[in-house]
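Trainee: So that you have it, the file is entry_22.csv, and it contains CSV, C-alpha atoms:
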```
chain,number,residue,atom,x,y,z
A,1,MET,CA,56.2,133.3,72.3
A,2,ALA,CA,54.8,136.6,73.5
A,3,ALA,CA,57.2,139.3,74.5
A,4,ARG,CA,57.0,142.9,75.5
A,5,LEU,CA,60.0,145.0,74.5
A,6,ILE,CA,60.6,148.6,75.5
A,7,ARG,CA,63.6,150.3,74.0
A,8,PRO,CA,65.6,152.5,76.4
A,9,LEU,CA,64.5,156.1,76.3
A,10,GLY,CA,66.8,158.0,74.1
A,11,PHE,CA,67.6,155.0,71.8
A,12,CYS,CA,67.3,156.5,68.3
A,13,CYS,CA,66.2,154.7,65.2
A,14,ALA,CA,69.8,154.6,63.9
A,15,PRO,CA,71.9,152.2,66.0
A,16,ASN,CA,74.9,154.5,65.8
A,17,ARG,CA,73.2,157.4,67.6
A,18,PHE,CA,72.5,157.1,71.3
A,19,CYS,CA,71.9,159.5,74.1
A,20,HIS,CA,72.0,158.9,77.9
A,21,SER,CA,68.8,157.0,78.8
A,22,THR,CA,66.8,156.0,81.8
A,23,VAL,CA,66.6,152.3,82.4
A,24,HIS,CA,63.5,150.4,81.2
A,25,THR,CA,62.5,146.8,81.8
A,26,ILE,CA,62.3,143.9,79.3
A,27,ASN,CA,59.9,141.1,79.9
A,28,ILE,CA,60.6,137.7,78.4
A,29,ILE,CA,57.4,135.7,78.6
A,30,ALA,CA,57.7,132.0,77.9
A,31,LYS,CA,54.9,129.8,76.5
A,32,PRO,CA,51.9,129.2,78.7
A,33,LYS,CA,52.7,127.3,81.9
A,34,ALA,CA,56.3,128.5,81.9
A,35,SER,CA,57.2,131.1,84.5
A,36,HIS,CA,57.5,134.8,83.6
A,37,ILE,CA,61.0,136.0,83.8
A,38,ARG,CA,61.6,139.7,84.2
A,39,LEU,CA,65.0,141.0,83.1
A,40,SER,CA,66.0,144.4,84.5
A,41,ALA,CA,68.6,146.2,82.5
A,42,ALA,CA,69.9,147.7,85.7
A,43,LYS,CA,70.4,144.3,87.3
A,44,MET,CA,71.9,142.9,84.2
A,45,SER,CA,74.3,145.8,83.9
A,46,ILE,CA,73.4,146.1,80.3
A,47,LYS,CA,74.8,149.0,78.4
A,48,VAL,CA,74.0,149.6,74.8
A,49,ALA,CA,77.3,150.0,72.9
A,50,GLU,CA,78.1,153.1,70.9
A,51,THR,CA,79.6,152.7,67.4
A,52,THR,CA,82.9,154.2,66.5
A,53,SER,CA,81.5,156.2,63.7
A,54,SER,CA,78.4,158.2,62.9
A,55,ALA,CA,78.5,157.2,59.3
A,56,PRO,CA,75.8,154.8,58.0
A,57,PRO,CA,76.7,151.1,57.5
A,58,PRO,CA,78.4,150.0,54.3
A,59,SER,CA,76.0,148.7,51.7
A,60,LYS,CA,77.7,145.4,51.1
A,61,ILE,CA,75.9,142.1,52.0
A,62,ILE,CA,78.2,140.0,54.0
A,63,ASP,CA,77.6,136.4,55.2
A,64,SER,CA,79.3,136.1,58.6
A,65,HIS,CA,79.0,132.4,58.9
A,66,LEU,CA,79.4,129.6,56.3
A,67,HIS,CA,81.6,126.6,55.5
A,68,VAL,CA,83.2,125.1,52.5
A,69,TRP,CA,84.7,121.7,52.0
A,70,ALA,CA,86.3,119.8,49.2
A,71,SER,CA,84.3,118.2,46.4
A,72,PRO,CA,84.7,114.4,46.2
A,73,GLN,CA,87.2,114.9,43.4
A,74,GLU,CA,89.2,117.5,45.4
A,75,ALA,CA,89.2,115.2,48.4
A,76,ALA,CA,90.5,112.3,46.4
A,77,GLU,CA,93.2,114.3,44.8
A,78,LYS,CA,94.5,116.9,47.3
A,79,TYR,CA,92.2,117.8,50.3
A,80,PRO,CA,91.1,114.6,52.1
A,81,TYR,CA,88.3,114.6,54.6
A,82,PHE,CA,89.0,113.8,58.2
A,83,PRO,CA,88.1,110.1,58.7
A,84,GLY,CA,84.5,109.8,59.8
A,85,GLN,CA,83.6,113.3,58.8
A,86,GLU,CA,82.9,112.7,55.1
A,87,PRO,CA,80.1,115.0,54.0
A,88,THR,CA,76.9,113.6,52.4
A,89,PHE,CA,76.0,116.7,50.4
A,90,PRO,CA,77.9,119.4,48.3
A,91,GLY,CA,79.8,122.2,50.0
A,92,ASP,CA,82.4,123.1,47.5
A,93,VAL,CA,83.4,126.7,46.7
A,94,ASP,CA,82.0,126.6,43.2
A,95,PHE,CA,78.6,125.7,44.6
A,96,LEU,CA,78.9,128.5,47.2
A,97,LEU,CA,79.8,131.1,44.6
A,98,GLN,CA,76.8,130.2,42.5
A,99,CYS,CA,74.5,130.5,45.6
A,100,MET,CA,76.1,133.9,46.6
A,101,GLU,CA,75.7,135.3,43.1
A,102,GLU,CA,72.0,134.2,42.9
A,103,ALA,CA,71.4,135.7,46.3
A,104,GLY,CA,73.3,138.9,45.8
A,105,VAL,CA,75.8,138.3,48.6
A,106,ASP,CA,79.1,140.2,48.3
A,107,GLY,CA,81.5,138.4,50.7
A,108,ALA,CA,81.7,136.0,53.6
A,109,LEU,CA,83.6,134.7,56.6
A,110,ILE,CA,84.5,131.0,56.0
A,111,ILE,CA,84.5,128.9,59.1
A,112,GLN,CA,86.9,125.9,59.0
A,113,PRO,CA,84.6,122.9,58.7
A,114,ILE,CA,84.9,119.8,61.0
A,115,ASN,CA,85.0,117.8,57.8
A,116,HIS,CA,88.7,118.7,57.5
A,117,LYS,CA,89.2,119.3,61.2
A,118,PHE,CA,92.6,120.9,61.8
A,119,ASP,CA,93.8,120.5,58.2
A,120,HIS,CA,93.1,124.0,56.9
A,121,SER,CA,94.7,123.5,53.4
A,122,LEU,CA,91.4,123.5,51.5
A,123,VAL,CA,90.0,126.7,53.1
A,124,THR,CA,93.4,128.3,52.8
A,125,SER,CA,93.4,127.6,49.0
A,126,VAL,CA,90.0,129.3,48.7
A,127,LEU,CA,91.2,132.3,50.6
A,128,LYS,CA,94.2,132.7,48.4
A,129,ARG,CA,92.0,132.4,45.3
A,130,TYR,CA,89.4,134.9,46.4
A,131,PRO,CA,91.3,137.3,48.8
A,132,MET,CA,88.8,140.1,48.5
A,133,LYS,CA,85.6,138.0,48.7
A,134,PHE,CA,86.4,135.7,51.6
A,135,ILE,CA,88.2,135.8,54.9
A,136,GLY,CA,88.8,132.8,57.1
A,137,CYS,CA,88.1,131.6,60.6
A,138,CYS,CA,90.4,128.9,61.7
A,139,LEU,CA,89.5,126.1,64.1
A,140,ALA,CA,91.3,126.2,67.5
A,141,ASN,CA,93.2,123.0,68.4
A,142,PRO,CA,93.1,122.6,72.2
A,143,ALA,CA,95.7,119.7,72.2
A,144,LYS,CA,97.3,119.3,75.6
A,145,ASP,CA,100.8,119.8,74.2
A,146,GLY,CA,100.0,123.4,73.4
A,147,SER,CA,100.7,123.0,69.7
A,148,GLY,CA,97.4,124.7,68.8
A,149,VAL,CA,98.7,128.0,70.0
A,150,ASN,CA,101.5,128.1,67.5
A,151,GLN,CA,99.3,126.7,64.8
A,152,LEU,CA,96.7,129.5,65.2
A,153,GLU,CA,99.4,132.1,65.2
A,154,GLU,CA,100.8,130.7,61.9
A,155,LEU,CA,97.4,130.5,60.3
A,156,ILE,CA,96.8,134.1,61.2
A,157,SER,CA,100.2,135.6,60.4
A,158,LYS,CA,101.1,133.4,57.4
A,159,ASP,CA,97.8,132.3,55.8
A,160,GLY,CA,95.8,135.4,56.6
A,161,TYR,CA,93.0,134.0,58.8
A,162,ARG,CA,91.0,136.7,60.6
A,163,ALA,CA,89.1,134.8,63.3
A,164,ILE,CA,89.3,131.7,65.5
A,165,ARG,CA,86.6,129.3,66.4
A,166,PHE,CA,86.4,127.7,69.8
A,167,ASN,CA,84.5,124.4,69.7
A,168,PRO,CA,84.3,123.3,73.3
A,169,TYR,CA,83.5,119.7,72.4
A,170,LEU,CA,87.1,119.4,70.9
A,171,TRP,CA,88.7,120.0,74.3
A,172,PRO,CA,90.1,116.9,76.0
A,173,SER,CA,87.6,115.1,78.2
A,174,GLY,CA,87.0,116.9,81.4
A,175,GLU,CA,88.7,120.1,80.3
A,176,LEU,CA,87.1,123.5,80.0
A,177,MET,CA,87.8,126.3,77.5
A,178,THR,CA,89.3,128.2,80.5
A,179,ASN,CA,92.1,125.7,81.0
A,180,GLU,CA,95.7,126.8,80.4
A,181,ILE,CA,95.6,126.1,76.7
A,182,GLY,CA,92.3,127.8,76.2
A,183,LYS,CA,93.4,130.9,78.0
A,184,ALA,CA,96.7,131.0,76.0
A,185,MET,CA,94.8,130.8,72.7
A,186,PHE,CA,92.1,133.3,73.7
A,187,SER,CA,94.8,135.8,74.9
A,188,LYS,CA,96.8,135.2,71.7
A,189,ALA,CA,93.8,136.1,69.6
A,190,GLY,CA,93.5,139.4,71.4
A,191,ASP,CA,97.2,140.1,70.9
A,192,LEU,CA,96.8,139.4,67.2
A,193,GLY,CA,93.6,141.4,66.9
A,194,VAL,CA,91.3,138.6,65.7
A,195,PRO,CA,87.9,137.6,67.3
A,196,VAL,CA,87.1,134.3,68.8
A,197,GLY,CA,83.8,132.6,67.9
A,198,PHE,CA,82.1,130.2,70.3
A,199,MET,CA,80.0,127.3,69.2
A,200,CYS,CA,77.7,126.4,72.0
A,201,MET,CA,75.8,123.6,70.3
A,202,LYS,CA,74.7,121.9,73.5
A,203,GLY,CA,73.4,125.2,74.9
A,204,LEU,CA,74.7,128.5,76.2
A,205,ASN,CA,74.0,127.6,79.9
A,206,GLN,CA,76.6,124.8,79.7
A,207,HIS,CA,79.3,127.3,78.7
A,208,ILE,CA,78.3,130.7,80.0
A,209,THR,CA,80.7,130.7,83.0
A,210,GLU,CA,83.7,129.9,80.8
A,211,ILE,CA,82.7,132.6,78.3
A,212,GLU,CA,82.2,135.2,81.0
A,213,GLU,CA,85.5,134.4,82.6
A,214,LEU,CA,87.4,134.7,79.3
A,215,CYS,CA,85.6,138.0,78.5
A,216,ALA,CA,86.4,139.5,81.9
A,217,ASN,CA,90.0,138.4,82.0
A,218,TYR,CA,90.9,139.3,78.4
A,219,PRO,CA,88.8,142.4,77.4
A,220,SER,CA,90.9,143.0,74.3
A,221,THR,CA,89.7,139.8,72.7
A,222,THR,CA,86.6,140.3,70.6
A,223,VAL,CA,84.0,137.5,70.9
A,224,LEU,CA,81.5,136.2,68.3
A,225,LEU,CA,78.5,134.1,69.5
A,226,ASP,CA,77.6,131.7,66.7
A,227,HIS,CA,73.9,131.1,65.9
A,228,LEU,CA,72.5,133.2,68.8
A,229,ALA,CA,74.6,131.1,71.1
A,230,PHE,CA,72.1,128.3,70.2
A,231,CYS,CA,69.3,130.0,72.2
A,232,LYS,CA,65.8,129.0,71.1
A,233,PRO,CA,62.7,131.2,71.6
A,234,PRO,CA,62.0,130.5,75.3
A,235,ARG,CA,59.3,128.0,76.1
A,236,SER,CA,60.7,126.9,79.5
A,237,ASP,CA,62.5,128.4,82.4
A,238,GLU,CA,65.8,126.8,81.3
A,239,GLU,CA,65.5,128.4,77.8
A,240,ALA,CA,64.5,131.7,79.2
A,241,VAL,CA,67.6,131.7,81.5
A,242,ALA,CA,69.7,130.9,78.4
A,243,PHE,CA,68.4,133.8,76.5
A,244,SER,CA,68.8,136.0,79.6
A,245,ASN,CA,72.4,134.9,79.8
A,246,LEU,CA,72.9,135.9,76.2
A,247,LEU,CA,71.5,139.4,76.7
A,248,LYS,CA,73.6,139.8,79.8
A,249,LEU,CA,76.8,139.2,77.8
A,250,SER,CA,76.1,142.6,76.2
A,251,ARG,CA,77.8,144.1,79.2
A,252,PHE,CA,81.1,143.1,77.7
A,253,PRO,CA,81.6,145.6,74.8
A,254,GLN,CA,83.7,143.1,72.9
A,255,VAL,CA,80.8,140.6,72.4
A,256,TYR,CA,79.0,140.4,69.1
A,257,VAL,CA,76.1,138.0,68.2
A,258,LYS,CA,75.6,136.2,64.9
A,259,PHE,CA,72.0,136.1,63.9
A,260,SER,CA,72.8,133.0,61.9
A,261,ALA,CA,71.6,129.5,61.1
A,262,LEU,CA,68.1,130.5,61.9
A,263,PHE,CA,66.8,127.0,61.0
A,264,ARG,CA,68.8,125.6,63.9
A,265,VAL,CA,67.2,127.7,66.6
A,266,SER,CA,63.7,128.4,65.3
A,267,ARG,CA,60.8,126.0,65.9
A,268,ASP,CA,58.9,127.5,62.9
A,269,LYS,CA,59.4,126.8,59.3
A,270,PHE,CA,60.8,129.5,56.9
A,271,PRO,CA,60.7,132.5,57.4
A,272,TYR,CA,61.2,131.5,61.1
A,273,GLY,CA,58.6,134.0,62.6
A,274,ASP,CA,59.2,132.9,66.2
A,275,LEU,CA,62.6,134.6,66.1
A,276,THR,CA,61.0,138.1,65.7
A,277,SER,CA,61.0,139.0,69.4
A,278,MET,CA,64.5,137.7,69.9
A,279,LEU,CA,65.8,139.8,67.0
A,280,SER,CA,64.1,142.8,68.5
A,281,GLN,CA,65.6,142.3,71.9
A,282,LEU,CA,69.1,141.6,70.5
A,283,VAL,CA,69.1,144.9,68.5
A,284,SER,CA,67.7,146.9,71.5
A,285,ILE,CA,70.2,145.5,74.0
A,286,PHE,CA,73.4,145.0,71.9
A,287,GLY,CA,72.7,147.5,69.1
A,288,ALA,CA,72.4,146.5,65.5
A,289,ASN,CA,76.1,147.3,65.1
A,290,ARG,CA,76.9,144.2,67.3
A,291,VAL,CA,74.6,141.8,65.4
A,292,MET,CA,75.5,140.2,62.1
A,293,TRP,CA,73.7,137.8,59.7
A,294,GLY,CA,75.0,134.4,58.7
A,295,SER,CA,73.6,131.6,56.6
A,296,ASP,CA,75.4,128.5,57.8
A,297,PHE,CA,75.9,127.3,54.2
A,298,PRO,CA,75.8,124.6,53.0
A,299,PHE,CA,73.6,123.2,55.7
A,300,VAL,CA,71.0,125.9,55.1
A,301,VAL,CA,70.6,124.9,51.4
A,302,ARG,CA,68.6,121.9,52.4
A,303,GLU,CA,66.4,123.9,54.7
A,304,CYS,CA,65.2,127.1,53.1
A,305,GLY,CA,67.9,127.6,50.4
A,306,TYR,CA,70.8,130.0,50.5
A,307,LYS,CA,68.7,132.9,49.1
A,308,GLY,CA,66.0,132.1,51.6
A,309,ALA,CA,68.5,132.5,54.5
A,310,LYS,CA,69.0,136.1,53.4
A,311,GLU,CA,65.4,136.8,52.8
A,312,ALA,CA,64.3,135.5,56.2
A,313,VAL,CA,66.2,138.2,58.0
A,314,SER,CA,64.6,140.9,55.9
A,315,HIS,CA,61.2,139.4,56.7
A,316,LEU,CA,61.9,139.3,60.4
A,317,ALA,CA,63.3,142.9,60.4
A,318,HIS,CA,60.1,144.1,58.8
A,319,GLN,CA,58.0,142.4,61.5
A,320,VAL,CA,60.0,143.9,64.4
A,321,PRO,CA,60.2,146.5,62.7
A,322,LEU,CA,63.8,147.6,62.3
A,323,SER,CA,64.9,150.7,60.4
A,324,ALA,CA,66.7,150.3,57.1
A,325,GLU,CA,69.9,151.4,58.8
A,326,GLU,CA,69.6,148.8,61.5
A,327,LEU,CA,69.0,146.1,58.9
A,328,GLY,CA,72.0,147.4,57.0
A,329,TRP,CA,74.3,146.9,60.0
A,330,ILE,CA,73.0,143.3,60.4
A,331,MET,CA,73.3,142.3,56.8
A,332,GLY,CA,76.9,143.5,56.3
A,333,GLY,CA,77.8,146.7,58.1
A,334,THR,CA,78.7,145.0,61.3
A,335,ALA,CA,81.0,142.4,59.7
A,336,MET,CA,82.6,145.0,57.5
A,337,GLN,CA,83.3,147.3,60.4
A,338,LEU,CA,84.6,144.4,62.5
A,339,PHE,CA,86.9,143.1,59.8
A,340,LYS,CA,87.9,146.6,58.6
A,341,GLY,CA,86.6,146.5,55.0
A,342,GLN,CA,88.4,143.2,54.1
A,343,LEU,CA,85.2,141.7,52.7
A,344,GLY,CA,83.1,142.0,49.7
A,345,GLY,CA,85.4,143.5,47.1
A,346,GLY,CA,86.3,140.6,44.9
A,347,SER,CA,85.0,139.1,41.7
A,348,ILE,CA,83.7,135.5,41.5
A,349,SER,CA,85.2,135.0,38.1
```
Output the file's structure in the form of C-alpha cells.
Mentor:
Amino acid sequence: MAARLIRPLGFCCAPNRFCHSTVHTINIIAKPKASHIRLSAAKMSIKVAETTSSAPPPSKIIDSHLHVWASPQEAAEKYPYFPGQEPTFPGDVDFLLQCMEEAGVDGALIIQPINHKFDHSLVTSVLKRYPMKFIGCCLANPAKDGSGVNQLEELISKDGYRAIRFNPYLWPSGELMTNEIGKAMFSKAGDLGVPVGFMCMKGLNQHITEIEELCANYPSTTVLLDHLAFCKPPRSDEEAVAFSNLLKLSRFPQVYVKFSALFRVSRDKFPYGDLTSMLSQLVSIFGANRVMWGSDFPFVVRECGYKGAKEAVSHLAHQVPLSAEELGWIMGGTAMQLFKGQLGGGSIS
C-alpha cells in the first residue's frame, strides 16, 4: 500500500507536546485499481489529543493484550474449559511468564479467554498470584436477564479487574451492543472507571455505528479498540472506509487503539511491513499516547513468537520513523498511564 502522510503543522516529535495547528490532508491510497480516498482532518473532525502530563513515558514494557488459560492438568483438577472451547496449544501462565522474561516484557493486561467463557476463576487466580505484574479484563456477559451487569461489577470491585471486553458475537441473535443491557454495562464501566474493549473480528464497518453511539452517549467510558479494530492495510474501497472509520473515532478523546495481534491484520509475513503506513497515521491522528502495543499471546507464539511480536513494533517504528519517545508510549507508557501505574512492578518468581 502506498500512502502519503502529512503531520499537522505544529505536531512536535514528542507526542505530549502540541501547539495549535493548521489542518492538513491525509491521503489513503489503496492498491492499484482501488479508488483513492481522501480523508480531510477538518471533515473528520479529528483533533489530536493532548496528554495529561509533559513528562516522558514510563520505561516499562507492557503488553496490552494477551490471554491465559488453564493447562490440561489445571482444567481437569480445578479450572475446566467451556465445552467446545478446549484449546489445542499451550496458554498457561507458566508458559507466558517464560515468554515474557525472554522478551523483556514487564507486565500485561490479561483478557478473559473464550476458552473459559464467563468463568473467570482461572484468570482471577493468576491476578491474585501476580498482582503487580498483571491486571485483568473481564468478558462482558450480555445475557437478557441483565445478570451480566452485576457480574462485571463484582469482578471489578471484588476481584480487581480493570477493564471489560465487549464481544459483539456473544450478544443474543439480532441484538446490538447498544441494546438496554449493552448500554447498562457500558455506562457501569464509566461509573467504575474502567475501559471497555471492543473486538470487531468481523470488521469495524459492521459495528462502527454502535461504537459511535456508545462513545457519544457515555463520554466518561474509556474505549479500547482491539487489534486496530481488525482493519487491514486498505486494498479495496471497503477496507479504506474501515480504516477511515477507525481514524474518525479519534474525535472521541476517550478512544484508544491497540496496535496488537499484527499477524491478524497484516498480509505480510513478520515483521509485517505493510502496517508501517497505518502505524504512522494512527500516531499522527490519535497521538502515540493513545496507541498501545499488544501481542495476542498465546496465538502469536505460533506466528512470529512472543519476542518477535515485540520486535515487530520496533522495526515498524523505525520504518515510519517514530521518535524514541513515541515508541516508548506505544510499548508501555500509554498502558501505564491509562491504568495508573498498576502494571509492571511484580516479580515472576
Trainee: Identify, on the basis of all atoms listed in the file, every residue whose closest approach to Asp274 in chain A does not exceed 9 Å; exclude the query and any residue fewer than 4 positions from it along the same chain; express the result as a short mmCIF file (atom, residue, chain, number, x, y, z; two decimals) with C-alpha atoms, in the frame of the given file.
Mentor:
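out.cif written:
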```cif
data_model
loop_
_atom_site.label_atom_id
_atom_site.label_comp_id
_atom_site.auth_asym_id
_atom_site.auth_seq_id
_atom_site.Cartn_x
_atom_site.Cartn_y
_atom_site.Cartn_z
CA MET A 1 56.20 133.30 72.30
CA PRO A 233 62.70 131.20 71.60
CA SER A 266 63.70 128.40 65.30
CA ARG A 267 60.80 126.00 65.90
CA ASP A 268 58.90 127.50 62.90
CA MET A 278 64.50 137.70 69.90
#
```
Trainee: Using all atoms listed in the file, find the one residue out of A:Leu170, A:Ala288, A:Glu102, A:Asp92 that sits nearest to Phe118 in chain A.
Mentor: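 The answer is A:Leu170, which sits nearest to Phe118 in chain A.
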Trainee: Could you tell me which of A:Gly136, A:Gly190, A:Gly203, A:Pro72 comes closest to Pro168 in chain A if we count only C-alpha atoms?
Mentor: A:Gly203
Trainee: Output as a Markdown table one row per residue of range 247-308 of chain A within 10 Å of range 216-223 of chain A: the closest atom pair and its distance in Å to one decimal place, counting all atoms listed in the file, sorted by chain and residue number ascending.
Mentor:
```
| residue | atom | partner | partner_atom | distance |
| --- | --- | --- | --- | --- |
| A:Phe252 | CA | A:Ala216 | CA | 7.7 |
| A:Pro253 | CA | A:Pro219 | CA | 8.3 |
| A:Gln254 | CA | A:Thr222 | CA | 4.6 |
| A:Val255 | CA | A:Val223 | CA | 4.7 |
| A:Tyr256 | CA | A:Val223 | CA | 6.1 |
| A:Val257 | CA | A:Val223 | CA | 8.4 |
```
Trainee: Write a file of the selected residues as a PDB file, keeping the file's coordinate frame, keeping C-alpha atoms.
Mentor:
```pdb
ATOM      1  CA  PHE A 252      81.100 143.100  77.700  1.00  0.00           C
ATOM      2  CA  PRO A 253      81.600 145.600  74.800  1.00  0.00           C
ATOM      3  CA  GLN A 254      83.700 143.100  72.900  1.00  0.00           C
ATOM      4  CA  VAL A 255      80.800 140.600  72.400  1.00  0.00           C
ATOM      5  CA  TYR A 256      79.000 140.400  69.100  1.00  0.00           C
ATOM      6  CA  VAL A 257      76.100 138.000  68.200  1.00  0.00           C
TER       7      VAL A 257
END
```
Trainee: Please identify all polymer residues within 12 Å of range 295-309 of chain A, counting all atoms listed in the file, omitting same-chain residues fewer than 3 positions from it, and present them as a ChimeraX atom specification.
Mentor: /A:61-69,87-105,107-113,226-227,258-264,266,268-272,292,312-316,331
Trainee: One number please: CA of Gly287 in chain A to CA of Ile156 in chain A, in Å, one decimal.
Mentor: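 CA of Ile156 in chain A lies 28.7 Å from CA of Gly287 in chain A.
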Trainee: At most 12 Å from (86.2, 110.5, 64.5), file frame, all atoms listed in the file: which residues, as a ChimeraX atom specification?
Mentor: /A:81-86,114-117,170
Trainee: Could you jot down the CA of Val283 in chain A to CA of Met177 in chain A separation for me, Å, one decimal place?
Mentor: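 Between CA of Val283 in chain A and CA of Met177 in chain A the gap is 27.9 Å.
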Trainee: How far is it from CA of Val149 in chain A to CA of Lys188 in chain A, in Å with one decimal?
Mentor: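 According to the coordinates, CA of Val149 in chain A and CA of Lys188 in chain A are separated by 7.6 Å.
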Trainee: With only C-alpha atoms as the basis for distance, which of A:Asp119, A:Glu180, A:Glu77, A:Glu175 is at the shortest distance from Leu152 in chain A?
Mentor: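 Nearest to Leu152 in chain A: A:Asp119.
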Trainee: I'd like to know which of A:Leu224, A:Ala143, A:Leu214, A:Cys200 is closest to Ala242 in chain A, using only C-alpha atoms.
Mentor: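 For Ala242 in chain A, the nearest of the candidates is A:Cys200.
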Trainee: From the options A:Ser250, A:Gln73, A:Asn289, A:Thr124, which residue's atoms come nearest to Gln337 in chain A, counting all atoms listed in the file?
Mentor: A:Asn289
Trainee: Which residue, A:Pro321, A:Pro131, A:Gly197, A:Gly294, has the smallest gap to Gly160 in chain A when you use only C-alpha atoms?
Mentor: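 Checking each of A:Pro321, A:Pro131, A:Gly197, A:Gly294 against Gly160 in chain A, counting only C-alpha atoms, the winner is A:Pro131.
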